[in-house]
Amino acid sequence: MNSLREGYIGAKKAGQTLVCLTAYDYPAARLLDESGVDLILVGDSLGMVVLGYPDTTEVTLDDMLHHTRAVARGVERATVVADLPKGAYHDPSSALVNARALISAGADAVKLEGGRSQAGTISALVEQDIPVLAHIGMLPQQIREEGGYKIKGRTPQQADRLEEDAAAVEMAGAFGVVLELVTPPLAEKISKTLAIPTIGIGSGMGCDGQIRVLHDVIGLYPWFRPRFVEPKADVAGEIRRAVESFAAEVRNKAVS
Ligand code: KIV
């Protein structure tokens, strides 16, 4: 078992609740690391909150490499996980080449979306000493096929499939699993069953940790905020206030 996985299983056994946030650049990553965040995800959510796309599906491996390098420069302590973008893990061998590139860019681990269907790819990466964070439930890279962000696990059939997905990614060697928009009772049940930690997003309080998009938590993307996020700051409002104040001073010839 790789040591990162051992550490995460140990943290779960010890009852530690994991604090996980996304970051896409050096200053944010450094601030998160200095604030004691356990895991920093260079998420392909950067497609929306940094690059201005409608969803994550157009993010490229080059985008991910660029942002992973910036984040890695700012982190000394937290685990840095980089998303394999859509299209970068069609099969185990392309996943391996692309995951190695993300590790060379400074990630400690990679994340990919999918359960049973990705178990072979997860094992192939783990066998080559690349730690993997799995991601099941709502899969943002499938948003166009799904037609929206829908809660998963509502029917008994869906719940059974999700439990099988969770067991499959653990068996394949993932060190943790993100549960996105999974019904809270099912997320809690999966969390109690697995040895690896579950990291929830919109999946209730029964997970072993929580992950959020940084921009949602600090109020830096005011044009869209998921229902389950309660912002802790209004950074967009602060930027507008500071820029308006600067602009007024410039226009009044008060800035030299
Ligand atoms: O890309 C992302 O930010 C994610 C989430 C789990 C937050 O996958």
# chains A, B, ... in the order shown; residues from 1 in each chain; ligands from 1
>>> residues_around(residues="segment 70-81 of chain A", least_positions_apart="3", cutoff="8 Å", atoms="only C-alpha atoms", output="PyMOL selection string")
chain A and resi 23-30+33+36-42+66-67+105-111+133
>>> write_last_selection(atoms="N, CA, C and O atoms", output="compact mmCIF listing (two decimals), in the first residue's frame")
# COMPACT_ATOMS: atom_id res chain seq x y z
N ALA A 23 -7.60 25.12 -5.53
CA ALA A 23 -6.80 26.32 -5.80
C ALA A 23 -6.27 26.16 -7.21
O ALA A 23 -6.12 25.02 -7.70
N TYR A 24 -6.00 27.31 -7.84
CA TYR A 24 -5.59 27.24 -9.24
C TYR A 24 -4.35 28.10 -9.50
O TYR A 24 -3.86 28.15 -10.62
N ASP A 25 -3.90 28.83 -8.44
CA ASP A 25 -2.73 29.69 -8.65
C ASP A 25 -1.89 29.74 -7.37
O ASP A 25 -2.29 29.23 -6.33
N TYR A 26 -0.72 30.37 -7.51
CA TYR A 26 0.26 30.39 -6.41
C TYR A 26 -0.26 31.09 -5.14
O TYR A 26 -0.21 30.49 -4.07
N PRO A 27 -0.77 32.33 -5.22
CA PRO A 27 -1.15 32.98 -3.96
C PRO A 27 -2.25 32.23 -3.21
O PRO A 27 -2.20 32.07 -1.99
N ALA A 28 -3.26 31.76 -3.94
CA ALA A 28 -4.36 31.05 -3.26
C ALA A 28 -3.82 29.76 -2.64
O ALA A 28 -4.14 29.43 -1.48
N ALA A 29 -3.01 29.05 -3.38
CA ALA A 29 -2.48 27.78 -2.86
C ALA A 29 -1.65 28.02 -1.60
O ALA A 29 -1.76 27.30 -0.61
N ARG A 30 -0.83 29.06 -1.64
CA ARG A 30 0.03 29.35 -0.49
C ARG A 30 -0.81 29.76 0.73
O ARG A 30 -0.56 29.32 1.85
N ASP A 33 -2.50 26.62 2.10
CA ASP A 33 -1.51 25.77 2.77
C ASP A 33 -1.16 26.37 4.14
O ASP A 33 -1.13 25.67 5.15
N GLY A 36 -3.67 25.73 6.85
CA GLY A 36 -3.83 24.37 7.38
C GLY A 36 -4.79 23.47 6.64
O GLY A 36 -5.24 22.45 7.18
N VAL A 37 -5.12 23.82 5.38
CA VAL A 37 -5.98 22.93 4.58
C VAL A 37 -5.24 21.61 4.35
O VAL A 37 -4.03 21.59 4.12
N ASP A 38 -5.97 20.49 4.43
CA ASP A 38 -5.31 19.17 4.30
C ASP A 38 -5.01 18.82 2.85
O ASP A 38 -3.97 18.23 2.56
N LEU A 39 -5.94 19.12 1.97
CA LEU A 39 -5.79 18.69 0.58
C LEU A 39 -6.21 19.84 -0.33
O LEU A 39 -7.27 20.44 -0.14
N ILE A 40 -5.35 20.14 -1.30
CA ILE A 40 -5.63 21.21 -2.25
C ILE A 40 -5.81 20.56 -3.61
O ILE A 40 -4.92 19.85 -4.10
N LEU A 41 -6.97 20.78 -4.19
CA LEU A 41 -7.29 20.19 -5.50
C LEU A 41 -7.14 21.25 -6.59
O LEU A 41 -7.77 22.31 -6.51
N VAL A 42 -6.28 20.96 -7.56
CA VAL A 42 -6.27 21.78 -8.76
C VAL A 42 -7.38 21.17 -9.63
O VAL A 42 -7.18 20.21 -10.36
N HIS A 66 -0.34 23.78 -16.44
CA HIS A 66 0.01 25.17 -16.15
C HIS A 66 -0.41 25.55 -14.72
O HIS A 66 0.38 26.08 -13.93
N HIS A 67 -1.65 25.24 -14.37
CA HIS A 67 -2.16 25.62 -13.04
C HIS A 67 -1.59 24.72 -11.94
O HIS A 67 -1.39 25.19 -10.82
N ALA A 105 4.55 17.90 -12.89
CA ALA A 105 4.23 19.33 -12.71
C ALA A 105 4.11 19.71 -11.23
O ALA A 105 3.94 20.87 -10.90
N GLY A 106 4.16 18.70 -10.34
CA GLY A 106 4.17 19.01 -8.90
C GLY A 106 3.02 18.44 -8.11
O GLY A 106 2.95 18.65 -6.89
N ALA A 107 2.10 17.70 -8.77
CA ALA A 107 0.99 17.10 -8.00
C ALA A 107 1.51 15.89 -7.21
O ALA A 107 2.44 15.21 -7.66
N ASP A 108 0.87 15.64 -6.06
CA ASP A 108 1.19 14.42 -5.29
C ASP A 108 0.30 13.28 -5.76
O ASP A 108 0.59 12.12 -5.48
N ALA A 109 -0.82 13.61 -6.39
CA ALA A 109 -1.81 12.60 -6.75
C ALA A 109 -2.68 13.16 -7.86
O ALA A 109 -2.66 14.37 -8.12
N VAL A 110 -3.46 12.29 -8.49
CA VAL A 110 -4.40 12.76 -9.52
C VAL A 110 -5.82 12.34 -9.12
O VAL A 110 -6.00 11.42 -8.32
N LYS A 111 -6.79 13.05 -9.67
CA LYS A 111 -8.20 12.67 -9.47
C LYS A 111 -8.82 12.37 -10.83
O LYS A 111 -8.49 13.03 -11.83
N LEU A 133 -7.20 9.86 -6.32
CA LEU A 133 -8.43 10.21 -5.62
C LEU A 133 -9.56 9.95 -6.62
O LEU A 133 -9.53 10.49 -7.74
>>> select_by_dssp(residues="segment 8-249 of chain A", states="helix (DSSP H, G or I)", output="ChimeraX atom specification")
/A:8-13,26-34,46-49,61-74,92-104,116-127,140-146,156-172,184-193,214-218,235-249
>>> residues_around(residues="segment 190-203 of chain A", least_positions_apart="2", cutoff="6 Å", atoms="only C-alpha atoms", output="list in words")
Ile9, Lys12, Phe175, Gly176, Val177, Val178, Leu179, Glu180, Leu181, Val182, Thr183, Pro184, Ala187, Glu188, Cys207, Asp208, Gly209, Gln210, Ile211 and Phe228 of chain A
>>> closest_residue(among="A:Ala101, A:Leu31, A:Ala134, A:Ile218", to="Gly114 of chain A", atoms="only C-alpha atoms")
A:Ala134
>>> closest_atom_pairs(of="chain A", to="ligand 1", cutoff="6 Å", atoms="only C-alpha atoms and all ligand atoms", output="JSON lines")
{"residue": "A:Thr22", "atom": "CA", "partner": "ligand 1", "partner_atom_place_in_ligand_line": "3 (O)", "distance": 5.8}
{"residue": "A:Gly43", "atom": "CA", "partner": "ligand 1", "partner_atom_place_in_ligand_line": "1 (O)", "distance": 3.4}
{"residue": "A:Asp44", "atom": "CA", "partner": "ligand 1", "partner_atom_place_in_ligand_line": "1 (O)", "distance": 4.1}
{"residue": "A:Ser45", "atom": "CA", "partner": "ligand 1", "partner_atom_place_in_ligand_line": "1 (O)", "distance": 3.8}
{"residue": "A:Ile211", "atom": "CA", "partner": "ligand 1", "partner_atom_place_in_ligand_line": "7 (C)", "distance": 5.9}
{"residue": "A:Arg212", "atom": "CA", "partner": "ligand 1", "partner_atom_place_in_ligand_line": "7 (C)", "distance": 5.0}
{"residue": "A:Val213", "atom": "CA", "partner": "ligand 1", "partner_atom_place_in_ligand_line": "7 (C)", "distance": 5.0}
>>> write_last_selection(atoms="N, CA, C and O atoms", output="PDB file, in the first residue's frame")
ATOM      1  N   THR A  22     -10.256  23.805  -3.474  1.00  0.00           N
ATOM      2  CA  THR A  22      -9.550  23.923  -4.747  1.00  0.00           C
ATOM      3  C   THR A  22      -8.651  25.154  -4.709  1.00  0.00           C
ATOM      4  O   THR A  22      -8.894  26.106  -3.957  1.00  0.00           O
ATOM      5  N   GLY A  43      -8.573  21.676  -9.428  1.00  0.00           N
ATOM      6  CA  GLY A  43      -9.753  21.067 -10.035  1.00  0.00           C
ATOM      7  C   GLY A  43      -9.947  21.560 -11.466  1.00  0.00           C
ATOM      8  O   GLY A  43      -9.574  22.690 -11.796  1.00  0.00           O
ATOM      9  N   ASP A  44     -10.567  20.719 -12.268  1.00  0.00           N
ATOM     10  CA  ASP A  44     -10.878  21.213 -13.616  1.00  0.00           C
ATOM     11  C   ASP A  44     -12.065  22.181 -13.571  1.00  0.00           C
ATOM     12  O   ASP A  44     -12.455  22.756 -14.594  1.00  0.00           O
ATOM     13  N   SER A  45     -12.604  22.428 -12.367  1.00  0.00           N
ATOM     14  CA  SER A  45     -13.562  23.526 -12.179  1.00  0.00           C
ATOM     15  C   SER A  45     -12.916  24.853 -12.572  1.00  0.00           C
ATOM     16  O   SER A  45     -13.603  25.855 -12.732  1.00  0.00           O
ATOM     17  N   ILE A 211     -15.073  18.985   0.565  1.00  0.00           N
ATOM     18  CA  ILE A 211     -14.331  19.766  -0.432  1.00  0.00           C
ATOM     19  C   ILE A 211     -15.272  20.790  -1.054  1.00  0.00           C
ATOM     20  O   ILE A 211     -16.462  20.513  -1.249  1.00  0.00           O
ATOM     21  N   ARG A 212     -14.717  21.973  -1.311  1.00  0.00           N
ATOM     22  CA  ARG A 212     -15.492  23.006  -2.006  1.00  0.00           C
ATOM     23  C   ARG A 212     -14.574  23.714  -2.995  1.00  0.00           C
ATOM     24  O   ARG A 212     -13.355  23.719  -2.834  1.00  0.00           O
ATOM     25  N   VAL A 213     -15.214  24.352  -3.973  1.00  0.00           N
ATOM     26  CA  VAL A 213     -14.501  25.239  -4.889  1.00  0.00           C
ATOM     27  C   VAL A 213     -14.199  26.526  -4.105  1.00  0.00           C
ATOM     28  O   VAL A 213     -15.113  27.143  -3.533  1.00  0.00           O
TER      29      VAL A 213
END
>>> select_by_dssp(residues="segment 27-197 of chain A", states="strand (DSSP E or B)", output="JSON, numbers by chain")
{"A": [39, 40, 41, 42, 79, 80, 81, 82, 83, 109, 110, 111, 112, 113, 114, 132, 133, 134, 135, 136, 137, 152, 176, 177, 178, 179, 180, 182]}
>>> write_last_selection(atoms="N, CA, C and O atoms", output="JSON list (two decimals), in the first residue's frame")
[["chain", "number", "residue", "atom", "x", "y", "z"],
["A", 39, "LEU", "N", -5.94, 19.12, 1.97],
["A", 39, "LEU", "CA", -5.79, 18.69, 0.58],
["A", 39, "LEU", "C", -6.21, 19.84, -0.33],
["A", 39, "LEU", "O", -7.27, 20.44, -0.14],
["A", 40, "ILE", "N", -5.35, 20.14, -1.30],
["A", 40, "ILE", "CA", -5.63, 21.21, -2.25],
["A", 40, "ILE", "C", -5.81, 20.56, -3.61],
["A", 40, "ILE", "O", -4.92, 19.85, -4.10],
["A", 41, "LEU", "N", -6.97, 20.78, -4.19],
["A", 41, "LEU", "CA", -7.29, 20.19, -5.50],
["A", 41, "LEU", "C", -7.14, 21.25, -6.59],
["A", 41, "LEU", "O", -7.77, 22.31, -6.51],
["A", 42, "VAL", "N", -6.28, 20.96, -7.56],
["A", 42, "VAL", "CA", -6.27, 21.78, -8.76],
["A", 42, "VAL", "C", -7.38, 21.17, -9.63],
["A", 42, "VAL", "O", -7.18, 20.21, -10.36],
["A", 79, "THR", "N", -1.56, 17.99, 0.71],
["A", 79, "THR", "CA", -1.52, 17.10, -0.46],
["A", 79, "THR", "C", -2.07, 17.87, -1.66],
["A", 79, "THR", "O", -3.17, 18.43, -1.58],
["A", 80, "VAL", "N", -1.30, 17.90, -2.74],
["A", 80, "VAL", "CA", -1.77, 18.56, -3.97],
["A", 80, "VAL", "C", -2.28, 17.48, -4.92],
["A", 80, "VAL", "O", -1.55, 16.56, -5.29],
["A", 81, "VAL", "N", -3.56, 17.59, -5.27],
["A", 81, "VAL", "CA", -4.18, 16.64, -6.20],
["A", 81, "VAL", "C", -4.56, 17.41, -7.47],
["A", 81, "VAL", "O", -5.12, 18.51, -7.37],
["A", 82, "ALA", "N", -4.24, 16.86, -8.62],
["A", 82, "ALA", "CA", -4.60, 17.52, -9.89],
["A", 82, "ALA", "C", -5.62, 16.66, -10.64],
["A", 82, "ALA", "O", -5.48, 15.43, -10.71],
["A", 83, "ASP", "N", -6.62, 17.31, -11.19],
["A", 83, "ASP", "CA", -7.64, 16.59, -11.98],
["A", 83, "ASP", "C", -7.07, 16.15, -13.32],
["A", 83, "ASP", "O", -6.44, 16.96, -14.02],
["A", 109, "ALA", "N", -0.82, 13.61, -6.39],
["A", 109, "ALA", "CA", -1.81, 12.60, -6.75],
["A", 109, "ALA", "C", -2.68, 13.16, -7.86],
["A", 109, "ALA", "O", -2.66, 14.37, -8.12],
["A", 110, "VAL", "N", -3.46, 12.29, -8.49],
["A", 110, "VAL", "CA", -4.40, 12.76, -9.52],
["A", 110, "VAL", "C", -5.82, 12.34, -9.12],
["A", 110, "VAL", "O", -6.00, 11.42, -8.32],
["A", 111, "LYS", "N", -6.79, 13.05, -9.67],
["A", 111, "LYS", "CA", -8.20, 12.67, -9.47],
["A", 111, "LYS", "C", -8.82, 12.37, -10.83],
["A", 111, "LYS", "O", -8.49, 13.03, -11.83],
["A", 112, "LEU", "N", -9.67, 11.39, -10.86],
["A", 112, "LEU", "CA", -10.44, 11.10, -12.08],
["A", 112, "LEU", "C", -11.86, 10.72, -11.70],
["A", 112, "LEU", "O", -12.13, 10.29, -10.57],
["A", 113, "GLU", "N", -12.76, 10.90, -12.66],
["A", 113, "GLU", "CA", -14.19, 10.69, -12.42],
["A", 113, "GLU", "C", -14.63, 9.31, -12.91],
["A", 113, "GLU", "O", -14.29, 8.91, -14.03],
["A", 114, "GLY", "N", -15.41, 8.62, -12.07],
["A", 114, "GLY", "CA", -15.97, 7.33, -12.48],
["A", 114, "GLY", "C", -15.70, 6.27, -11.42],
["A", 114, "GLY", "O", -14.71, 6.35, -10.69],
["A", 132, "VAL", "N", -4.25, 7.93, -6.40],
["A", 132, "VAL", "CA", -5.47, 8.38, -7.10],
["A", 132, "VAL", "C", -6.58, 8.70, -6.10],
["A", 132, "VAL", "O", -6.87, 7.91, -5.19],
["A", 133, "LEU", "N", -7.20, 9.86, -6.32],
["A", 133, "LEU", "CA", -8.43, 10.21, -5.62],
["A", 133, "LEU", "C", -9.56, 9.95, -6.62],
["A", 133, "LEU", "O", -9.53, 10.49, -7.74],
["A", 134, "ALA", "N", -10.50, 9.11, -6.24],
["A", 134, "ALA", "CA", -11.62, 8.80, -7.15],
["A", 134, "ALA", "C", -12.72, 9.84, -6.96],
["A", 134, "ALA", "O", -12.68, 10.65, -6.01],
["A", 135, "HIS", "N", -13.70, 9.83, -7.85],
["A", 135, "HIS", "CA", -14.79, 10.83, -7.81],
["A", 135, "HIS", "C", -16.04, 10.15, -8.37],
["A", 135, "HIS", "O", -16.06, 9.78, -9.54],
["A", 136, "ILE", "N", -17.04, 9.96, -7.51],
["A", 136, "ILE", "CA", -18.27, 9.30, -7.97],
["A", 136, "ILE", "C", -19.49, 10.16, -7.57],
["A", 136, "ILE", "O", -19.36, 11.14, -6.85],
["A", 137, "GLY", "N", -20.65, 9.73, -8.06],
["A", 137, "GLY", "CA", -21.87, 10.53, -7.83],
["A", 137, "GLY", "C", -22.10, 11.36, -9.07],
["A", 137, "GLY", "O", -21.99, 10.88, -10.20],
["A", 152, "LYS", "N", -27.59, 12.34, -6.84],
["A", 152, "LYS", "CA", -27.44, 10.91, -7.18],
["A", 152, "LYS", "C", -27.77, 10.03, -5.97],
["A", 152, "LYS", "O", -27.47, 10.40, -4.83],
["A", 176, "GLY", "N", -8.78, 7.82, -1.57],
["A", 176, "GLY", "CA", -9.97, 8.51, -1.08],
["A", 176, "GLY", "C", -10.96, 8.62, -2.22],
["A", 176, "GLY", "O", -10.63, 8.29, -3.37],
["A", 177, "VAL", "N", -12.17, 9.05, -1.89],
["A", 177, "VAL", "CA", -13.17, 9.18, -2.95],
["A", 177, "VAL", "C", -14.05, 10.40, -2.70],
["A", 177, "VAL", "O", -14.57, 10.58, -1.59],
["A", 178, "VAL", "N", -14.15, 11.24, -3.72],
["A", 178, "VAL", "CA", -15.06, 12.38, -3.65],
["A", 178, "VAL", "C", -16.47, 11.87, -3.94],
["A", 178, "VAL", "O", -16.69, 11.12, -4.89],
["A", 179, "LEU", "N", -17.42, 12.26, -3.09],
["A", 179, "LEU", "CA", -18.84, 11.94, -3.31],
["A", 179, "LEU", "C", -19.54, 13.25, -3.64],
["A", 179, "LEU", "O", -19.72, 14.11, -2.78],
["A", 180, "GLU", "N", -19.89, 13.42, -4.91],
["A", 180, "GLU", "CA", -20.51, 14.70, -5.32],
["A", 180, "GLU", "C", -22.02, 14.53, -5.48],
["A", 180, "GLU", "O", -22.49, 13.65, -6.23],
["A", 182, "VAL", "N", -24.36, 13.31, -3.68],
["A", 182, "VAL", "CA", -24.92, 12.01, -3.30],
["A", 182, "VAL", "C", -25.89, 12.28, -2.15],
["A", 182, "VAL", "O", -25.60, 13.11, -1.27]]
